[in-house]
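> Just one file: final.cif, with mmCIF, C-alpha atoms and all ligand atoms.
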```cif
data_protein
#
loop_
_atom_site.label_atom_id
_atom_site.label_comp_id
_atom_site.auth_asym_id
_atom_site.auth_seq_id
_atom_site.Cartn_x
_atom_site.Cartn_y
_atom_site.Cartn_z
CA MET T 1 -119.08 -26.00 -1.84
CA GLU T 2 -118.76 -24.03 -5.10
CA PRO T 3 -122.11 -22.85 -6.55
CA ARG T 4 -123.36 -25.27 -9.22
CA ARG T 5 -125.99 -24.90 -11.95
CA ILE T 6 -129.01 -27.03 -11.14
CA LEU T 7 -132.02 -27.54 -13.38
CA LEU T 8 -135.08 -28.58 -11.41
CA ALA T 9 -137.54 -30.48 -13.62
CA VAL T 10 -140.93 -30.43 -11.90
CA THR T 11 -143.53 -33.00 -12.96
CA GLY T 12 -147.20 -33.38 -12.07
CA GLY T 13 -147.63 -34.86 -8.61
CA ILE T 14 -149.12 -33.48 -5.42
CA ALA T 15 -145.60 -33.45 -3.88
CA ALA T 16 -144.83 -30.52 -6.20
CA TYR T 17 -146.16 -28.31 -3.40
CA LYS T 18 -142.77 -28.95 -1.67
CA ILE T 19 -140.78 -27.64 -4.64
CA PRO T 20 -140.63 -24.00 -3.50
CA GLU T 21 -139.05 -25.29 -0.28
CA LEU T 22 -136.56 -27.39 -2.33
CA VAL T 23 -135.65 -24.33 -4.42
CA ARG T 24 -134.96 -22.34 -1.26
CA ALA T 25 -132.86 -25.17 0.20
CA LEU T 26 -130.76 -25.48 -2.99
CA ARG T 27 -130.29 -21.73 -3.21
CA GLY T 28 -129.53 -21.68 0.51
CA VAL T 29 -126.36 -23.73 -0.09
CA GLY T 30 -125.38 -21.38 -2.90
CA HIS T 31 -126.55 -23.15 -6.08
CA VAL T 32 -128.02 -21.39 -9.10
CA VAL T 33 -131.41 -22.95 -9.85
CA ARG T 34 -133.56 -22.88 -12.97
CA CYS T 35 -136.92 -24.64 -13.28
CA ALA T 36 -138.61 -26.50 -16.12
CA MET T 37 -142.16 -27.79 -15.63
CA THR T 38 -144.52 -30.19 -17.33
CA ALA T 39 -148.05 -29.02 -18.13
CA GLU T 40 -149.36 -31.27 -15.30
CA ALA T 41 -146.95 -29.78 -12.75
CA ARG T 42 -148.59 -26.39 -13.21
CA HIS T 43 -151.76 -27.81 -11.59
CA PHE T 44 -149.81 -28.23 -8.35
CA VAL T 45 -147.39 -25.31 -8.19
CA SER T 46 -147.42 -21.97 -9.96
CA PRO T 47 -144.56 -21.07 -12.34
CA MET T 48 -144.77 -17.54 -10.90
CA VAL T 49 -143.81 -18.83 -7.43
CA LEU T 50 -140.79 -20.70 -8.83
CA GLN T 51 -139.79 -17.74 -10.98
CA THR T 52 -139.87 -15.45 -7.95
CA LEU T 53 -137.86 -17.87 -5.81
CA THR T 54 -135.23 -18.69 -8.45
CA GLY T 55 -134.97 -15.23 -9.99
CA GLU T 56 -134.93 -17.01 -13.37
CA THR T 57 -137.53 -17.48 -16.11
CA VAL T 58 -139.39 -20.76 -15.64
CA ARG T 59 -139.55 -22.87 -18.81
CA THR T 60 -142.81 -24.74 -19.42
CA ASP T 61 -143.22 -25.25 -23.14
CA LEU T 62 -141.10 -26.88 -25.83
CA PHE T 63 -142.83 -25.04 -28.66
CA ASP T 64 -143.14 -21.53 -27.20
CA ALA T 65 -141.05 -19.28 -29.43
CA SER T 66 -140.51 -16.61 -26.74
CA GLU T 67 -139.29 -19.20 -24.18
CA GLU T 68 -137.06 -20.86 -26.79
CA GLY T 69 -135.83 -17.41 -27.84
CA GLU T 70 -134.60 -16.70 -24.32
CA ILE T 71 -132.76 -20.01 -23.83
CA ASP T 72 -133.55 -22.95 -26.09
CA HIS T 73 -134.06 -26.40 -24.62
CA ILE T 74 -130.70 -27.70 -25.83
CA ARG T 75 -128.86 -24.78 -24.21
CA LEU T 76 -130.85 -25.43 -21.05
CA ALA T 77 -129.76 -29.09 -21.16
CA ASP T 78 -126.14 -28.01 -21.71
CA TRP T 79 -126.31 -25.33 -19.01
CA ALA T 80 -127.18 -27.78 -16.22
CA GLU T 81 -124.46 -29.41 -14.13
CA LEU T 82 -127.18 -31.51 -12.49
CA VAL T 83 -130.82 -32.14 -13.38
CA ILE T 84 -133.15 -33.00 -10.49
CA VAL T 85 -136.55 -34.46 -11.41
CA ALA T 86 -138.83 -33.78 -8.46
CA PRO T 87 -141.39 -34.99 -7.95
CA ALA T 88 -140.73 -37.76 -10.47
CA THR T 89 -144.11 -39.31 -11.30
CA ALA T 90 -144.56 -42.92 -12.51
CA HIS T 91 -145.50 -41.49 -15.92
CA THR T 92 -142.34 -39.35 -16.14
CA LEU T 93 -140.13 -42.29 -15.10
CA ALA T 94 -141.74 -44.43 -17.80
CA ARG T 95 -141.20 -41.72 -20.43
CA MET T 96 -137.59 -41.25 -19.34
CA CYS T 97 -137.04 -44.99 -19.50
CA HIS T 98 -138.24 -45.11 -23.10
CA GLY T 99 -136.30 -42.03 -24.21
CA MET T 100 -139.40 -40.03 -25.09
CA ALA T 101 -139.06 -36.33 -25.83
CA ASP T 102 -142.64 -35.17 -26.25
CA ASP T 103 -142.49 -32.18 -23.91
CA LEU T 104 -139.88 -29.75 -22.61
CA VAL T 105 -138.88 -31.80 -19.54
CA THR T 106 -138.35 -35.10 -21.36
CA ALA T 107 -136.59 -33.37 -24.30
CA VAL T 108 -134.15 -31.73 -21.87
CA LEU T 109 -133.61 -35.04 -20.05
CA LEU T 110 -132.78 -36.76 -23.33
CA ALA T 111 -130.42 -34.00 -24.43
CA THR T 112 -128.50 -33.36 -21.24
CA ARG T 113 -125.09 -34.87 -20.49
CA ALA T 114 -125.34 -33.80 -16.85
CA PRO T 115 -126.07 -36.36 -14.15
CA VAL T 116 -129.78 -36.83 -13.39
CA LEU T 117 -131.24 -37.32 -9.90
CA VAL T 118 -134.86 -38.46 -9.59
CA ALA T 119 -137.02 -38.06 -6.49
CA PRO T 120 -140.00 -40.36 -7.13
CA ALA T 121 -143.38 -39.61 -5.56
CA MET T 122 -146.57 -41.55 -6.19
CA ASN T 123 -149.21 -43.87 -4.74
CA VAL T 124 -147.76 -46.97 -3.04
CA ASN T 125 -149.33 -49.36 -5.57
CA MET T 126 -148.06 -47.35 -8.52
CA TRP T 127 -144.56 -47.45 -7.00
CA SER T 128 -144.61 -51.22 -6.37
CA HIS T 129 -146.09 -52.03 -9.81
CA PRO T 130 -143.65 -54.22 -11.76
CA ALA T 131 -143.71 -51.73 -14.66
CA THR T 132 -142.54 -48.85 -12.45
CA GLN T 133 -139.97 -51.06 -10.70
CA ALA T 134 -138.58 -52.24 -14.05
CA ASN T 135 -138.42 -48.65 -15.34
CA VAL T 136 -136.57 -47.44 -12.23
CA GLU T 137 -134.16 -50.37 -12.39
CA ARG T 138 -133.36 -49.63 -16.03
CA LEU T 139 -132.85 -45.94 -15.37
CA CYS T 140 -130.48 -46.70 -12.48
CA GLU T 141 -128.54 -49.14 -14.68
CA ARG T 142 -128.08 -46.26 -17.12
CA GLY T 143 -126.59 -44.13 -14.35
CA VAL T 144 -129.64 -42.15 -13.20
CA HIS T 145 -129.40 -41.43 -9.44
CA ARG T 146 -132.36 -41.82 -7.11
CA VAL T 147 -133.38 -40.42 -3.74
CA GLY T 148 -136.44 -41.97 -2.07
CA PRO T 149 -139.31 -42.51 -2.10
CA GLU T 150 -139.95 -42.65 1.66
CA THR T 151 -142.58 -44.53 3.62
CA GLY T 152 -145.42 -42.62 5.23
CA GLU T 153 -148.87 -41.21 4.84
CA LEU T 154 -149.58 -40.45 1.17
CA ALA T 155 -151.74 -37.66 -0.25
CA CYS T 156 -154.08 -40.27 -1.79
CA GLY T 157 -154.96 -41.59 1.68
CA TRP T 158 -152.81 -44.75 1.48
CA GLU T 159 -149.90 -45.49 3.83
CA GLY T 160 -146.64 -46.88 2.46
CA LEU T 161 -143.69 -46.30 0.17
CA GLY T 162 -144.29 -43.39 -2.20
CA ARG T 163 -143.67 -40.09 -0.37
CA MET T 164 -141.17 -37.78 -2.01
CA SER T 165 -138.03 -37.34 0.11
CA GLU T 166 -137.87 -34.14 2.12
CA PRO T 167 -136.05 -31.19 0.50
CA GLU T 168 -133.03 -31.54 2.87
CA ALA T 169 -132.61 -35.20 1.81
CA ILE T 170 -132.79 -34.20 -1.86
CA VAL T 171 -130.17 -31.47 -1.31
CA ALA T 172 -127.91 -34.02 0.45
CA ALA T 173 -128.32 -36.49 -2.44
CA ALA T 174 -127.58 -33.71 -4.94
CA THR T 175 -124.40 -32.81 -3.03
CA LEU T 176 -123.27 -36.45 -3.25
CA VAL T 177 -124.00 -36.68 -6.98
CA LEU T 178 -122.29 -33.37 -7.71
CA GLY T 179 -119.16 -34.56 -5.96
CA PRO T 180 -116.40 -32.68 -4.19
CA ASP T 181 -115.41 -30.34 -7.05
CA THR T 182 -111.71 -30.93 -6.35
CA LEU T 183 -110.76 -31.33 -10.03
CA ARG T 184 -112.54 -28.22 -11.33
CA GLY T 185 -110.43 -26.53 -13.98
CA GLU T 186 -108.53 -29.75 -14.77
CA LYS T 187 -108.64 -31.48 -18.14
CA VAL T 188 -108.56 -35.22 -17.61
CA LEU T 189 -107.86 -37.60 -20.48
CA VAL T 190 -108.81 -41.24 -19.80
CA THR T 191 -108.44 -44.32 -21.99
CA ALA T 192 -110.56 -47.42 -21.38
CA GLY T 193 -111.46 -50.77 -22.89
CA GLY T 194 -109.50 -53.14 -25.07
CA THR T 195 -108.24 -52.57 -28.59
CA ALA T 196 -109.18 -54.76 -31.57
CA GLU T 197 -106.49 -55.37 -34.17
CA PRO T 198 -108.07 -56.48 -37.46
CA ILE T 199 -106.85 -59.64 -39.22
CA ASP T 200 -109.35 -59.22 -42.05
CA SER T 201 -112.72 -57.52 -42.55
CA VAL T 202 -114.44 -59.68 -39.87
CA ARG T 203 -111.77 -61.09 -37.56
CA SER T 204 -109.58 -59.35 -35.03
CA ILE T 205 -107.22 -59.88 -32.09
CA THR T 206 -108.66 -58.38 -28.94
CA ASN T 207 -108.76 -58.93 -25.16
CA ARG T 208 -111.30 -59.20 -22.33
CA SER T 209 -111.19 -55.60 -21.12
CA SER T 210 -114.77 -54.40 -20.58
CA GLY T 211 -113.87 -50.74 -20.10
CA LYS T 212 -115.44 -50.70 -16.61
CA MET T 213 -112.29 -49.56 -14.80
CA GLY T 214 -111.53 -46.68 -17.16
CA PHE T 215 -115.17 -45.60 -17.44
CA ALA T 216 -115.33 -45.48 -13.62
CA VAL T 217 -112.27 -43.20 -13.55
CA ALA T 218 -113.84 -40.93 -16.19
CA ALA T 219 -117.15 -40.77 -14.28
CA GLU T 220 -115.42 -39.98 -10.98
CA ALA T 221 -113.24 -37.28 -12.55
CA ALA T 222 -116.36 -35.66 -14.05
CA ARG T 223 -118.09 -35.89 -10.65
CA ARG T 224 -115.16 -33.97 -9.20
CA GLY T 225 -115.74 -31.18 -11.70
CA ALA T 226 -113.04 -32.00 -14.30
CA ASP T 227 -113.49 -31.55 -18.02
CA VAL T 228 -113.14 -35.20 -19.08
CA CYS T 229 -112.29 -36.71 -22.45
CA LEU T 230 -112.68 -40.49 -22.60
CA VAL T 231 -110.99 -42.36 -25.43
CA ALA T 232 -112.87 -45.65 -25.55
CA GLY T 233 -111.67 -48.85 -27.16
CA VAL T 234 -113.92 -51.87 -27.60
CA THR T 235 -116.70 -51.71 -25.00
CA SER T 236 -120.46 -51.90 -24.73
CA LEU T 237 -120.67 -49.36 -21.90
CA SER T 238 -122.61 -46.12 -22.21
CA THR T 239 -120.83 -42.80 -21.76
CA PRO T 240 -120.85 -41.48 -18.17
CA SER T 241 -122.69 -38.20 -17.71
CA GLY T 242 -120.68 -35.05 -18.29
CA VAL T 243 -117.96 -36.93 -20.20
CA ARG T 244 -116.88 -36.31 -23.82
CA ARG T 245 -116.16 -39.60 -25.59
CA ILE T 246 -114.08 -40.50 -28.62
CA ASP T 247 -114.21 -44.07 -29.93
CA ALA T 248 -110.92 -45.55 -31.13
CA HIS T 249 -110.82 -49.27 -31.72
CA SER T 250 -107.30 -50.19 -32.78
CA ALA T 251 -104.09 -49.26 -30.94
CA ARG T 252 -103.08 -46.92 -33.74
CA GLN T 253 -106.49 -45.18 -33.74
CA MET T 254 -106.25 -44.88 -29.96
CA ARG T 255 -102.74 -43.41 -30.22
CA ASP T 256 -103.92 -40.78 -32.73
CA ALA T 257 -106.97 -39.84 -30.61
CA VAL T 258 -104.86 -39.58 -27.44
CA MET T 259 -102.15 -37.50 -29.07
CA ALA T 260 -104.74 -35.12 -30.54
CA GLU T 261 -106.18 -34.53 -27.04
CA LEU T 262 -102.89 -34.56 -25.11
CA GLU T 263 -101.94 -30.91 -25.55
CA ASP T 264 -104.87 -29.62 -23.45
CA SER T 265 -104.77 -32.35 -20.79
CA THR T 266 -103.44 -31.81 -17.29
CA ILE T 267 -104.03 -35.37 -16.03
CA VAL T 268 -103.87 -38.56 -18.11
CA VAL T 269 -105.13 -41.96 -16.93
CA LYS T 270 -104.31 -44.89 -19.21
CA ALA T 271 -106.61 -47.72 -18.14
CA ALA T 272 -107.05 -49.17 -21.65
CA ALA T 273 -105.72 -52.62 -22.44
CA VAL T 274 -103.82 -51.81 -25.62
CA ALA T 275 -102.61 -54.67 -27.80
CA ASP T 276 -98.84 -54.77 -27.93
CA PHE T 277 -98.93 -56.38 -31.40
CA ARG T 278 -101.11 -56.28 -34.53
CA PRO T 279 -101.19 -58.42 -37.68
CA ALA T 280 -98.56 -57.17 -40.14
CA VAL T 281 -101.11 -57.44 -42.95
CA GLN T 282 -104.77 -56.57 -42.49
CA GLU T 283 -106.83 -58.00 -45.36
CA ASP T 284 -109.74 -55.80 -46.44
CA HIS T 285 -111.85 -58.87 -47.34
CA LYS T 286 -112.74 -61.99 -45.34
CA ILE T 287 -109.98 -64.60 -45.65
CA LYS T 288 -111.68 -67.65 -47.19
CA LYS T 289 -111.09 -71.04 -45.62
CA GLU T 290 -110.95 -72.53 -49.15
CA SER T 291 -107.97 -70.30 -49.96
CA LEU T 292 -106.03 -72.25 -47.33
CA GLU T 293 -107.11 -75.65 -48.70
CA GLY T 294 -104.46 -78.33 -48.30
CA GLN T 295 -102.54 -76.27 -45.74
CA ALA T 296 -102.41 -77.29 -42.06
CA GLY T 297 -102.97 -73.65 -41.09
CA PHE T 298 -101.41 -70.31 -41.82
CA ASN T 299 -98.92 -68.09 -40.09
CA LEU T 300 -100.04 -64.72 -38.78
CA ARG T 301 -97.09 -62.36 -38.61
CA LEU T 302 -97.41 -59.73 -35.89
CA VAL T 303 -95.70 -56.37 -35.67
CA THR T 304 -95.28 -54.12 -32.65
CA ASN T 305 -97.88 -51.44 -31.91
CA PRO T 306 -96.94 -47.95 -30.72
CA ASP T 307 -96.58 -47.76 -26.94
CA ILE T 308 -98.96 -44.89 -26.21
CA LEU T 309 -98.09 -44.55 -22.53
CA THR T 310 -94.36 -44.29 -23.24
CA GLU T 311 -95.01 -41.69 -25.95
CA ILE T 312 -97.16 -39.63 -23.55
CA CYS T 313 -94.48 -39.80 -20.87
CA GLU T 314 -91.86 -38.59 -23.33
CA ARG T 315 -93.98 -35.41 -23.74
CA LYS T 316 -95.15 -35.28 -20.14
CA GLY T 317 -94.28 -31.68 -19.21
CA ASP T 318 -96.28 -30.66 -16.13
CA ARG T 319 -98.95 -33.26 -16.74
CA PHE T 320 -99.66 -35.98 -14.20
CA VAL T 321 -99.67 -39.35 -15.94
CA VAL T 322 -101.15 -42.53 -14.48
CA GLY T 323 -100.42 -45.88 -16.10
CA PHE T 324 -102.03 -49.23 -15.37
CA ALA T 325 -100.39 -52.63 -15.31
CA ALA T 326 -102.13 -55.96 -15.74
CA GLU T 327 -99.85 -58.51 -14.06
CA SER T 328 -100.41 -62.19 -13.37
CA HIS T 329 -97.47 -62.87 -11.02
CA ASP T 330 -94.91 -60.91 -8.95
CA VAL T 331 -97.33 -58.00 -9.30
CA VAL T 332 -95.49 -55.41 -7.21
CA ALA T 333 -91.99 -56.21 -8.50
CA ALA T 334 -93.23 -56.14 -12.10
CA ALA T 335 -95.05 -52.85 -11.46
CA ARG T 336 -91.93 -51.25 -9.94
CA ARG T 337 -89.97 -52.16 -13.07
CA LYS T 338 -92.79 -50.97 -15.36
CA ILE T 339 -93.16 -47.51 -13.82
CA VAL T 340 -89.45 -46.85 -14.30
CA ARG T 341 -89.53 -48.16 -17.88
CA LYS T 342 -92.64 -46.16 -18.87
CA GLY T 343 -91.81 -42.99 -16.93
CA CYS T 344 -95.27 -42.21 -15.47
CA ASP T 345 -96.11 -40.54 -12.12
CA LEU T 346 -98.23 -43.35 -10.70
CA LEU T 347 -98.82 -46.96 -11.72
CA VAL T 348 -102.00 -48.83 -10.83
CA ALA T 349 -101.15 -52.53 -10.81
CA ASN T 350 -103.90 -55.15 -10.79
CA ASP T 351 -103.41 -58.82 -10.14
CA ILE T 352 -105.21 -60.41 -13.07
CA SER T 353 -104.71 -63.94 -11.72
CA ARG T 354 -107.57 -63.21 -9.27
CA SER T 355 -111.07 -64.02 -10.47
CA ASP T 356 -112.54 -60.95 -8.71
CA ALA T 357 -110.07 -58.37 -10.05
CA GLY T 358 -108.83 -57.01 -13.37
CA PHE T 359 -110.56 -57.84 -16.64
CA ASP T 360 -114.33 -57.88 -17.10
CA VAL T 361 -115.49 -57.96 -13.46
CA ASP T 362 -117.19 -55.29 -11.35
CA THR T 363 -114.51 -55.26 -8.63
CA ASN T 364 -110.78 -54.67 -8.50
CA ALA T 365 -107.92 -54.85 -6.01
CA VAL T 366 -104.84 -52.81 -6.86
CA PHE T 367 -101.42 -51.63 -5.76
CA LEU T 368 -100.62 -47.95 -6.27
CA VAL T 369 -96.92 -47.79 -7.08
CA SER T 370 -94.93 -44.54 -7.18
CA PRO T 371 -91.70 -43.94 -9.15
CA SER T 372 -89.65 -44.21 -5.91
CA GLY T 373 -91.03 -47.74 -5.48
CA GLU T 374 -93.43 -46.83 -2.65
CA VAL T 375 -96.51 -49.09 -2.65
CA GLU T 376 -100.04 -48.62 -1.29
CA GLU T 377 -102.34 -51.63 -1.37
CA ILE T 378 -106.05 -50.97 -2.06
CA PRO T 379 -108.15 -54.00 -1.09
CA LEU T 380 -111.03 -55.45 -3.10
CA LEU T 381 -113.61 -52.72 -3.84
CA SER T 382 -116.06 -51.88 -6.62
CA LYS T 383 -114.42 -50.26 -9.66
CA PRO T 384 -116.07 -46.86 -8.92
CA GLU T 385 -114.58 -47.04 -5.40
CA ILE T 386 -111.15 -47.95 -6.79
CA ALA T 387 -111.47 -45.02 -9.23
CA ALA T 388 -112.14 -42.66 -6.30
CA GLN T 389 -109.07 -43.99 -4.44
CA ILE T 390 -106.87 -43.52 -7.51
CA LEU T 391 -108.03 -39.92 -7.98
CA ASP T 392 -107.61 -39.18 -4.24
CA ARG T 393 -104.01 -40.35 -4.62
CA VAL T 394 -103.48 -38.30 -7.78
CA GLU T 395 -104.81 -35.17 -6.04
CA LYS T 396 -102.54 -35.79 -3.01
CA LEU T 397 -99.41 -36.34 -5.10
CA ARG T 398 -100.13 -33.24 -7.18
CA ARG T 399 -100.58 -31.14 -4.03
CA GLU T 400 -97.24 -32.44 -2.72
CA ARG T 401 -95.58 -31.69 -6.05
CA GLN T 402 -96.80 -28.06 -5.92
O1 LIG T 501 -111.66 -52.84 -18.63
P1 LIG T 501 -111.88 -53.70 -17.41
O2 LIG T 501 -112.62 -54.99 -17.75
O3 LIG T 501 -112.54 -52.95 -16.29
O4 LIG T 501 -110.46 -54.18 -16.89
C1 LIG T 501 -109.57 -53.25 -16.36
C2 LIG T 501 -108.12 -53.52 -16.79
C3 LIG T 501 -107.65 -54.81 -16.17
C4 LIG T 501 -108.01 -53.59 -18.31
C5 LIG T 501 -107.29 -52.27 -16.28
O5 LIG T 501 -107.40 -52.20 -14.89
C6 LIG T 501 -105.81 -52.42 -16.67
O6 LIG T 501 -105.03 -53.02 -16.00
N1 LIG T 501 -105.45 -51.79 -17.82
C7 LIG T 501 -104.11 -51.87 -18.41
C8 LIG T 501 -103.97 -53.20 -19.10
C9 LIG T 501 -102.64 -53.29 -19.84
O7 LIG T 501 -102.64 -53.13 -21.03
O8 LIG T 501 -101.60 -53.45 -19.09
P2 LIG T 501 -100.09 -53.51 -19.65
O9 LIG T 501 -99.32 -53.89 -18.47
O10 LIG T 501 -100.03 -54.34 -20.88
O11 LIG T 501 -99.80 -52.00 -20.08
C10 LIG T 501 -99.22 -51.06 -19.20
C11 LIG T 501 -99.68 -49.67 -19.53
O12 LIG T 501 -99.23 -49.29 -20.83
C12 LIG T 501 -101.18 -49.46 -19.54
O13 LIG T 501 -101.47 -48.19 -18.99
C13 LIG T 501 -101.54 -49.48 -21.02
O14 LIG T 501 -102.69 -48.64 -21.29
C14 LIG T 501 -100.29 -48.89 -21.64
N2 LIG T 501 -100.01 -49.37 -23.01
C15 LIG T 501 -99.74 -50.68 -23.24
C16 LIG T 501 -99.42 -51.10 -24.51
C17 LIG T 501 -99.38 -50.15 -25.56
N3 LIG T 501 -99.10 -50.51 -26.80
N4 LIG T 501 -99.65 -48.86 -25.30
C18 LIG T 501 -99.95 -48.46 -24.05
O15 LIG T 501 -100.21 -47.25 -23.82
#
```
With the file now loaded, output its structure as structure tokens.
Ligand code: PMT

Amino acid sequence: MEPRRILLAVTGGIAAYKIPELVRALRGVGHVVRCAMTAEARHFVSPMVLQTLTGETVRTDLFDASEEGEIDHIRLADWAELVIVAPATAHTLARMCHGMADDLVTAVLLATRAPVLVAPAMNVNMWSHPATQANVERLCERGVHRVGPETGELACGWEGLGRMSEPEAIVAAATLVLGPDTLRGEKVLVTAGGTAEPIDSVRSITNRSSGKMGFAVAAEAARRGADVCLVAGVTSLSTPSGVRRIDAHSARQMRDAVMAELEDSTIVVKAAAVADFRPAVQEDHKIKKESLEGQAGFNLRLVTNPDILTEICERKGDRFVVGFAAESHDVVAAARRKIVRKGCDLLVANDISRSDAGFDVDTNAVFLVSPSGEVEEIPLLSKPEIAAQILDRVEKLRRERQ
């Protein structure tokens, strides 16, 4: 595995005595490690020990001018490819959950775009308390990764769930979160979500795309080390860690954002559900019902939107371009025709007649169709798993092409 930059955020629990061992284990597999500590953590492990083991200055204070002078907390947050919070106390988890930034560790956690892995450690009753459980659940929903806690004898004398995972288990979890690094050096451009085509200042034509499929592709590409730009249509999802996001709601805004980013991209994945048509006239005020009085209705004239995927393929060069297709019948035959028409390198076709695949669900089942008409069926899986399969296929086809 390539060396990665890991920030170890140490908080105040007795399990902090295992942190020197964790530093050695992370360095042992080649990672560069820096440490940040809360004031409480310093009661359990000395900054001098961590400084000696990491060979790097240990940061402890948000307001210390000399520490900030060396590397300020925002640069520290940007530097990290992964932040591990170990041990993660109940108090730290609660502060993370509420987005507090009242010390160095929480400020870095709020500022970083790197993935975060927590290794909780606390008394069994503190762990099982509904407040802690709710905090952990919310953090995980936001994409925070967790390893442990384990069951066993606790420092407080109780037995049960609350022991911090052993350093080897934390290193293994970190390796999983960091991903295989197979897309390092690549610039991946992903589109996700539906577009909204305004009729007037409050109404629009849109579709049921949640963005989940495209966001999963962006997250997986970032996990594999790529530099990812995500052009997001209409969605309520939060940005995956390590991903740069541009919001673009209408098809024309999405086209402009994609074209501005295309030059630098080596791989493009077009998972967005772009409206093929938009209202010919978009009123800048709300159309009043009274203005239509006496009429049975009114006609909405639609005009064709730019086809972004076709435009990308016309300027494809050496890029690898993946299109999606939402089909409701004759999925494979329609996908074979579409890949030829659009000119992309791979087409991911989903059967949107299924209730467990396609729009606004957590799972998908797809056919990967190549320009020669070759088809690989991927059965029902979670969208992150489908994303991993798509990128595996992209990597394989690119290797073959080289
Ligand atoms: O967002 P989710 O809820 O997770 O749902 C995922 C999804 C079903 C939206 C996704 O898996 C998917 O299939 N996305 C493409 C939907 C679609 O617009 O299909 P299409 O067959 O109409 O378009 C084919 C391709 O052309 C797509 O890559 C699309 O991004 C692109 N396109 C379409 C129209 C247009 N004007 N410009 C485009 O670039």
> How close does chain T get to ligand LIG 501 (chain T)? List, as a Markdown table, each residue of chain T within 8 Å, its nearest atom pair and the distance in Å to one decimal, counting only C-alpha atoms and all ligand atoms.

```
| residue | atom | partner | partner_atom | distance |
| --- | --- | --- | --- | --- |
| T:Thr191 | CA | T:LIG501 | O14 | 7.2 |
| T:Ala192 | CA | T:LIG501 | O1 | 6.2 |
| T:Gly193 | CA | T:LIG501 | O1 | 4.7 |
| T:Gly194 | CA | T:LIG501 | O1 | 6.8 |
| T:Arg208 | CA | T:LIG501 | O2 | 6.4 |
| T:Ser209 | CA | T:LIG501 | O2 | 3.7 |
| T:Ser210 | CA | T:LIG501 | O2 | 3.6 |
| T:Gly211 | CA | T:LIG501 | O1 | 3.4 |
| T:Lys212 | CA | T:LIG501 | O3 | 3.7 |
| T:Met213 | CA | T:LIG501 | O3 | 3.7 |
| T:Gly214 | CA | T:LIG501 | O1 | 6.3 |
| T:Phe215 | CA | T:LIG501 | O3 | 7.9 |
| T:Ala251 | CA | T:LIG501 | N3 | 6.6 |
| T:Arg255 | CA | T:LIG501 | O15 | 7.9 |
| T:Val269 | CA | T:LIG501 | O13 | 7.5 |
| T:Lys270 | CA | T:LIG501 | O13 | 4.4 |
| T:Ala271 | CA | T:LIG501 | N1 | 4.2 |
| T:Ala272 | CA | T:LIG501 | O14 | 4.4 |
| T:Ala273 | CA | T:LIG501 | O7 | 3.4 |
| T:Val274 | CA | T:LIG501 | C16 | 4.6 |
| T:Ala275 | CA | T:LIG501 | N3 | 5.5 |
| T:Asp276 | CA | T:LIG501 | N3 | 4.4 |
| T:Phe277 | CA | T:LIG501 | N3 | 7.5 |
| T:Thr304 | CA | T:LIG501 | N3 | 7.9 |
| T:Asn305 | CA | T:LIG501 | N3 | 5.3 |
| T:Pro306 | CA | T:LIG501 | N3 | 5.2 |
| T:Asp307 | CA | T:LIG501 | N4 | 3.7 |
| T:Ile308 | CA | T:LIG501 | O15 | 3.6 |
| T:Leu309 | CA | T:LIG501 | O15 | 3.7 |
| T:Thr310 | CA | T:LIG501 | O15 | 6.6 |
| T:Glu311 | CA | T:LIG501 | O15 | 7.9 |
| T:Val322 | CA | T:LIG501 | O13 | 7.2 |
| T:Gly323 | CA | T:LIG501 | O13 | 3.8 |
| T:Phe324 | CA | T:LIG501 | O13 | 3.8 |
| T:Ala325 | CA | T:LIG501 | O9 | 3.6 |
| T:Ala326 | CA | T:LIG501 | O6 | 4.1 |
| T:Glu327 | CA | T:LIG501 | O9 | 6.4 |
| T:Lys338 | CA | T:LIG501 | C10 | 7.5 |
| T:Lys342 | CA | T:LIG501 | O12 | 7.6 |
| T:Leu347 | CA | T:LIG501 | O13 | 7.8 |
| T:Val348 | CA | T:LIG501 | O6 | 7.3 |
| T:Ala349 | CA | T:LIG501 | O6 | 6.5 |
| T:Asn350 | CA | T:LIG501 | O6 | 5.7 |
| T:Ile352 | CA | T:LIG501 | C3 | 6.9 |
| T:Ala357 | CA | T:LIG501 | C3 | 7.5 |
| T:Gly358 | CA | T:LIG501 | C3 | 3.8 |
| T:Phe359 | CA | T:LIG501 | O4 | 3.7 |
| T:Asp360 | CA | T:LIG501 | O2 | 3.4 |
| T:Val361 | CA | T:LIG501 | O2 | 6.0 |
| T:Asp362 | CA | T:LIG501 | O3 | 7.2 |
| T:Asn364 | CA | T:LIG501 | O5 | 7.6 |
| T:Lys383 | CA | T:LIG501 | O3 | 7.4 |
```
> Find the residue from T:Leu154, T:Val177, T:Ile6, T:Met259 that sits nearest to Thr112 of chain T; use only C-alpha atoms when measuring.
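For Thr112 of chain T, the nearest of the given residues is T:Ile6.
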> Using all atoms listed in the file, can you tell me which of T:Arg278, T:Arg223, T:Lys286, T:Arg142 comes closest to Asp200 of chain T?
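Selected residue with least distance to Asp200 of chain T: T:Lys286.
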> Separation of atom CA of Ile246 of chain T and atom CA of Ala218 of chain T, in Å?
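Between atom CA of Ile246 of chain T and atom CA of Ala218 of chain T the gap is 12.4 Å.
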> Find the distance between atom CA of Phe367 of chain T and atom CA of Arg393 of chain T and write it in Å to one decimal.
11.6 Å
> For atom CA of Glu314 of chain T and atom CA of Gln389 of chain T, determine how far apart the two atoms are, in Å to one decimal place.
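Computing the Euclidean distance for atom CA of Glu314 of chain T and atom CA of Gln389 of chain T yields 26.1 Å.
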